[in-house]
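Participant: If it helps, the file is called query_14.txt and holds compact mmCIF, C-alpha atoms:
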```txt
# COMPACT_ATOMS: atom_id res chain seq x y z
CA MET V 658 16.78 -59.99 34.57
CA LYS V 659 13.18 -59.61 33.59
CA ALA V 660 12.49 -57.48 36.64
CA ALA V 661 15.44 -55.22 35.82
CA SER V 662 14.22 -54.82 32.22
CA LYS V 663 10.71 -53.98 33.39
CA LEU V 664 12.10 -51.44 35.83
CA ALA V 665 14.27 -49.84 33.13
CA ILE V 666 11.34 -49.67 30.72
CA ALA V 667 9.05 -48.20 33.40
CA THR V 668 11.69 -45.60 34.33
CA LEU V 669 12.30 -44.74 30.67
CA SER V 670 8.54 -44.46 30.06
CA SER V 671 8.06 -42.10 32.99
CA VAL V 672 11.00 -39.95 31.79
CA LEU V 673 9.52 -39.79 28.29
CA LEU V 674 6.09 -38.91 29.66
CA LEU V 675 7.59 -36.29 31.93
CA GLY V 676 9.53 -34.86 28.99
CA SER V 677 6.39 -34.83 26.84
CA SER V 678 4.33 -33.06 29.48
CA MET V 679 7.08 -30.48 29.96
CA ASN V 680 7.16 -29.87 26.20
CA LEU V 681 3.39 -29.48 26.19
CA GLU V 682 3.57 -26.95 29.02
CA VAL V 683 6.30 -24.96 27.25
CA ASP V 684 4.39 -25.07 23.95
CA ALA V 685 1.18 -23.96 25.65
CA ALA V 686 2.95 -21.10 27.42
CA SER V 687 4.61 -19.87 24.23
CA SER V 688 1.32 -20.20 22.34
CA LYS V 689 -0.49 -18.10 24.98
CA SER V 690 2.31 -15.54 24.82
CA ALA V 691 2.04 -15.37 21.01
CA GLN V 692 -1.74 -15.02 21.22
CA LYS V 693 -1.44 -12.16 23.73
CA SER V 694 1.19 -10.46 21.55
CA THR V 695 -1.01 -10.79 18.44
CA ALA V 696 -4.07 -9.52 20.31
CA LYS V 697 -2.06 -6.58 21.66
CA LYS V 698 -0.79 -5.68 18.15
CA ALA V 699 -4.31 -5.93 16.72
CA ALA V 700 -5.64 -3.64 19.44
CA VAL V 701 -2.88 -1.12 18.77
CA GLN V 702 -3.35 -1.31 14.99
CA ALA V 703 -7.15 -1.14 14.96
CA PRO V 704 -8.50 2.27 13.94
CA THR V 705 -11.16 3.94 16.03
CA ALA V 706 -14.50 5.04 14.59
CA ALA V 707 -13.32 8.67 14.72
CA GLU V 708 -10.16 7.78 12.78
CA LYS V 709 -12.24 5.97 10.15
CA LYS V 710 -14.36 9.12 9.73
CA VAL V 711 -11.21 11.23 9.30
CA VAL V 712 -9.93 8.84 6.63
CA ASP V 713 -13.27 8.79 4.78
CA ALA V 714 -13.45 12.60 4.81
CA GLU V 715 -9.87 12.88 3.53
CA ILE V 716 -10.54 10.41 0.70
CA LYS V 717 -13.57 12.43 -0.38
CA ARG V 718 -11.60 15.69 -0.20
CA VAL V 719 -8.70 14.34 -2.26
CA LYS V 720 -11.02 12.71 -4.78
CA ASP V 721 -12.84 16.02 -5.34
CA LEU V 722 -9.58 17.97 -5.45
CA THR V 723 -8.09 15.62 -8.03
CA ALA V 724 -11.20 15.89 -10.20
CA LYS V 725 -11.14 19.72 -10.06
CA THR V 726 -7.42 20.37 -10.49
CA GLY V 727 -6.09 17.27 -12.25
CA ASP V 728 -3.20 17.21 -9.76
CA THR V 729 -1.71 14.06 -8.28
CA TYR V 730 -1.95 13.24 -4.57
CA VAL V 731 -0.51 10.37 -2.57
CA MET V 732 -2.08 9.27 0.70
CA TYR V 733 -0.20 7.40 3.43
CA TYR V 734 -2.40 5.22 5.66
CA LYS V 735 -1.42 4.54 9.26
CA TYR V 736 -3.80 1.57 9.20
CA LYS V 737 -3.26 -0.56 6.11
CA ALA V 738 -6.58 -2.30 6.77
CA LEU V 739 -8.36 0.89 5.68
CA ASN V 740 -6.73 0.65 2.24
CA SER V 741 -6.97 -3.05 1.28
CA GLY V 742 -3.74 -3.87 3.12
CA LEU V 743 -1.64 -1.18 1.40
CA ASP V 744 -0.05 1.83 3.07
CA LEU V 745 -0.23 4.13 0.01
CA ASN V 746 -2.98 5.27 -2.33
CA TYR V 747 -2.39 7.34 -5.47
CA TRP V 748 -4.99 9.77 -6.82
CA GLY V 749 -4.62 11.29 -10.27
CA LEU V 750 -1.39 9.45 -11.07
CA THR V 751 -2.53 8.12 -14.43
CA LYS V 752 -4.07 10.40 -17.03
CA GLU V 753 -5.95 9.25 -20.13
CA TYR V 754 -6.31 11.35 -23.26
CA ILE V 755 -8.84 10.83 -26.05
CA SER V 756 -7.17 13.11 -28.59
CA PHE V 757 -3.58 13.18 -29.74
CA ASP V 758 -3.41 16.96 -29.27
CA GLU V 759 -4.39 16.68 -25.57
CA TYR V 760 -1.84 13.93 -25.09
CA LEU V 761 0.91 15.90 -26.85
CA GLN V 762 0.15 19.03 -24.78
CA LYS V 763 0.73 17.12 -21.51
CA ALA V 764 3.54 14.85 -22.76
CA SER V 765 5.57 17.80 -24.03
CA THR V 766 5.80 19.17 -20.48
CA LEU V 767 7.34 15.92 -19.18
CA LYS V 768 10.83 14.46 -19.43
CA GLY V 769 11.09 11.24 -21.34
CA VAL V 770 9.87 9.87 -24.60
CA VAL V 771 7.02 11.66 -26.35
CA LEU V 772 5.21 9.61 -28.96
CA GLN V 773 4.93 11.30 -32.34
CA LYS V 774 1.76 11.16 -34.41
CA PRO V 775 2.36 8.65 -37.19
CA SER V 776 1.96 10.14 -40.65
CA ASN V 777 1.46 6.90 -42.56
CA LEU V 778 -1.39 5.10 -40.80
CA PRO V 779 -3.47 2.81 -43.01
CA GLU V 780 -6.87 4.14 -43.99
CA GLY V 781 -9.47 3.72 -41.26
CA TYR V 782 -6.98 3.79 -38.36
CA THR V 783 -7.41 6.65 -35.91
CA PHE V 784 -6.04 7.69 -32.55
CA SER V 785 -8.22 6.11 -29.84
CA LYS V 786 -6.55 6.97 -26.53
CA ALA V 787 -3.25 7.48 -24.75
CA ARG V 788 -2.28 7.05 -21.12
CA ILE V 789 0.53 8.73 -19.17
CA GLY V 790 1.49 7.34 -15.79
CA GLY V 791 3.60 8.93 -13.08
CA PRO V 792 6.23 7.40 -10.79
CA LEU V 793 5.32 4.87 -8.10
CA GLY V 794 8.50 5.06 -6.02
CA GLY V 795 11.56 7.10 -5.27
CA LYS V 796 12.61 9.72 -2.73
CA PHE V 797 9.20 11.43 -2.69
CA ILE V 798 7.48 8.20 -1.58
CA ASP V 799 10.16 7.41 1.00
CA ASP V 800 9.84 10.94 2.44
CA LEU V 801 6.05 10.73 2.41
CA ARG V 802 6.10 7.48 4.40
CA ALA V 803 8.50 8.99 6.95
CA GLU V 804 6.38 12.16 7.31
CA GLY V 805 3.18 10.12 7.54
CA LYS V 806 4.56 7.90 10.30
CA LYS V 807 5.93 10.91 12.16
CA SER V 808 2.61 12.78 11.96
CA GLY V 809 0.74 10.01 13.80
CA LYS V 810 -2.40 10.87 11.79
CA PRO V 811 -4.58 8.04 10.48
CA VAL V 812 -4.01 9.38 6.94
CA PHE V 813 -1.38 11.79 5.61
CA THR V 814 -1.76 13.38 2.15
CA LYS V 815 0.77 15.16 0.01
CA LYS V 816 0.64 16.63 -3.49
CA MET V 817 3.03 15.04 -5.97
CA ASP V 818 4.51 17.16 -8.74
CA TRP V 819 6.00 14.76 -11.25
CA LYS V 820 7.93 15.75 -14.34
CA GLU V 821 8.82 12.35 -15.83
CA ALA V 822 6.37 9.93 -17.40
```
Write out the structure in this file as structure tokens.
Facilitator:
Amino acid sequence: MKAASKLAIATLSSVLLLGSSMNLEVDAASSKSAQKSTAKKAAVQAPTAAEKKVVDAEIKRVKDLTAKTGDTYVMYYKYKALNSGLDLNYWGLTKEYISFDEYLQKASTLKGVVLQKPSNLPEGYTFSKARIGGPLGGKFIDDLRAEGKKSGKPVFTKKMDWKEA
């Protein structure tokens, strides 16, 4: 009886060891496959030096254009790594005004609520600044992403004309 028990235990141990080694082989194979897949994706998603130069030049162009015209531009990045992990960058979307008259001039051209200048401010209170921000989503952004992906360019820029604050 002792011999039979020892044989059963030895057989069971070898089956468990065999099962463990098979699991290790399967795990190792799937791990290697995952590593290859990740490396392949990284290679595909890594921008070239020429693409980085194109992106840098486009950022400079849009920055200058926004400063000159005051218009709003949205940039779609093929490589999110070039934009802190984000696929979109907005230029000129938020405007700040230091006088109420400047603010009112812009706000009156937009749909939505326009703040009125209060007539009964306590003495010593003055207008300091106002900020108007444009939309961050919607059909324009969805279309921009689709066009940017379709273009295949490392960066795709489009002017945004927004009418609602």
Participant: Which residue out of V:Phe813, V:Tyr782, V:Phe797, V:Trp748 has the minimum interatomic distance to Asp721 of chain V when all atoms listed in the file are used?
Facilitator: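 Ranking V:Phe813, V:Tyr782, V:Phe797, V:Trp748 by distance to Asp721 of chain V, first place goes to V:Trp748.
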Participant: Calculated over all atoms listed in the file, which of the candidates V:Ile755, V:Leu750, V:Val712, V:Ile798 has the smallest distance to Pro811 of chain V?
Facilitator: V:Val712
Participant: Using all atoms listed in the file, determine which residues lie at most 12 Å from Ala738 of chain V, disregarding the query and same-chain residues fewer than 2 positions distant; provide the list as a ChimeraX atom specification.
Facilitator: /V:699,702-704,709,712,734-736,740-745,811-812
Participant: Which residue out of V:Thr814, V:Thr766, V:Thr783, V:Ser808 has the minimum interatomic distance to Lys720 of chain V when only C-alpha atoms are used?
Facilitator: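 Distance minimum relative to Lys720 of chain V lands on V:Thr814.
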Participant: Rounded to one decimal, what separation in Å do you get between atom CA of Asp799 of chain V and atom CA of Ala787 of chain V?
Facilitator: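 Spanning atom CA of Asp799 of chain V to atom CA of Ala787 of chain V is a straight-line distance of 29.0 Å.
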Participant: Using atom CA of Arg802 of chain V and atom CA of Met732 of chain V as the two end points, give the distance in Å to one decimal.
Facilitator: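 Distance reported for this atom pair: 9.2 Å.
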Participant: One number please: atom CA of Trp819 of chain V to atom CA of Glu759 of chain V, in Å, one decimal.
Facilitator: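 These two atoms are separated by 17.8 Å.
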Participant: Out of V:Val719, V:Lys810, V:Lys820, V:Pro775, which residue has the shortest atom-to-atom distance to Ile789 of chain V when counting all atoms listed in the file?
Facilitator: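 For Ile789 of chain V, the nearest of the given residues is V:Lys820.
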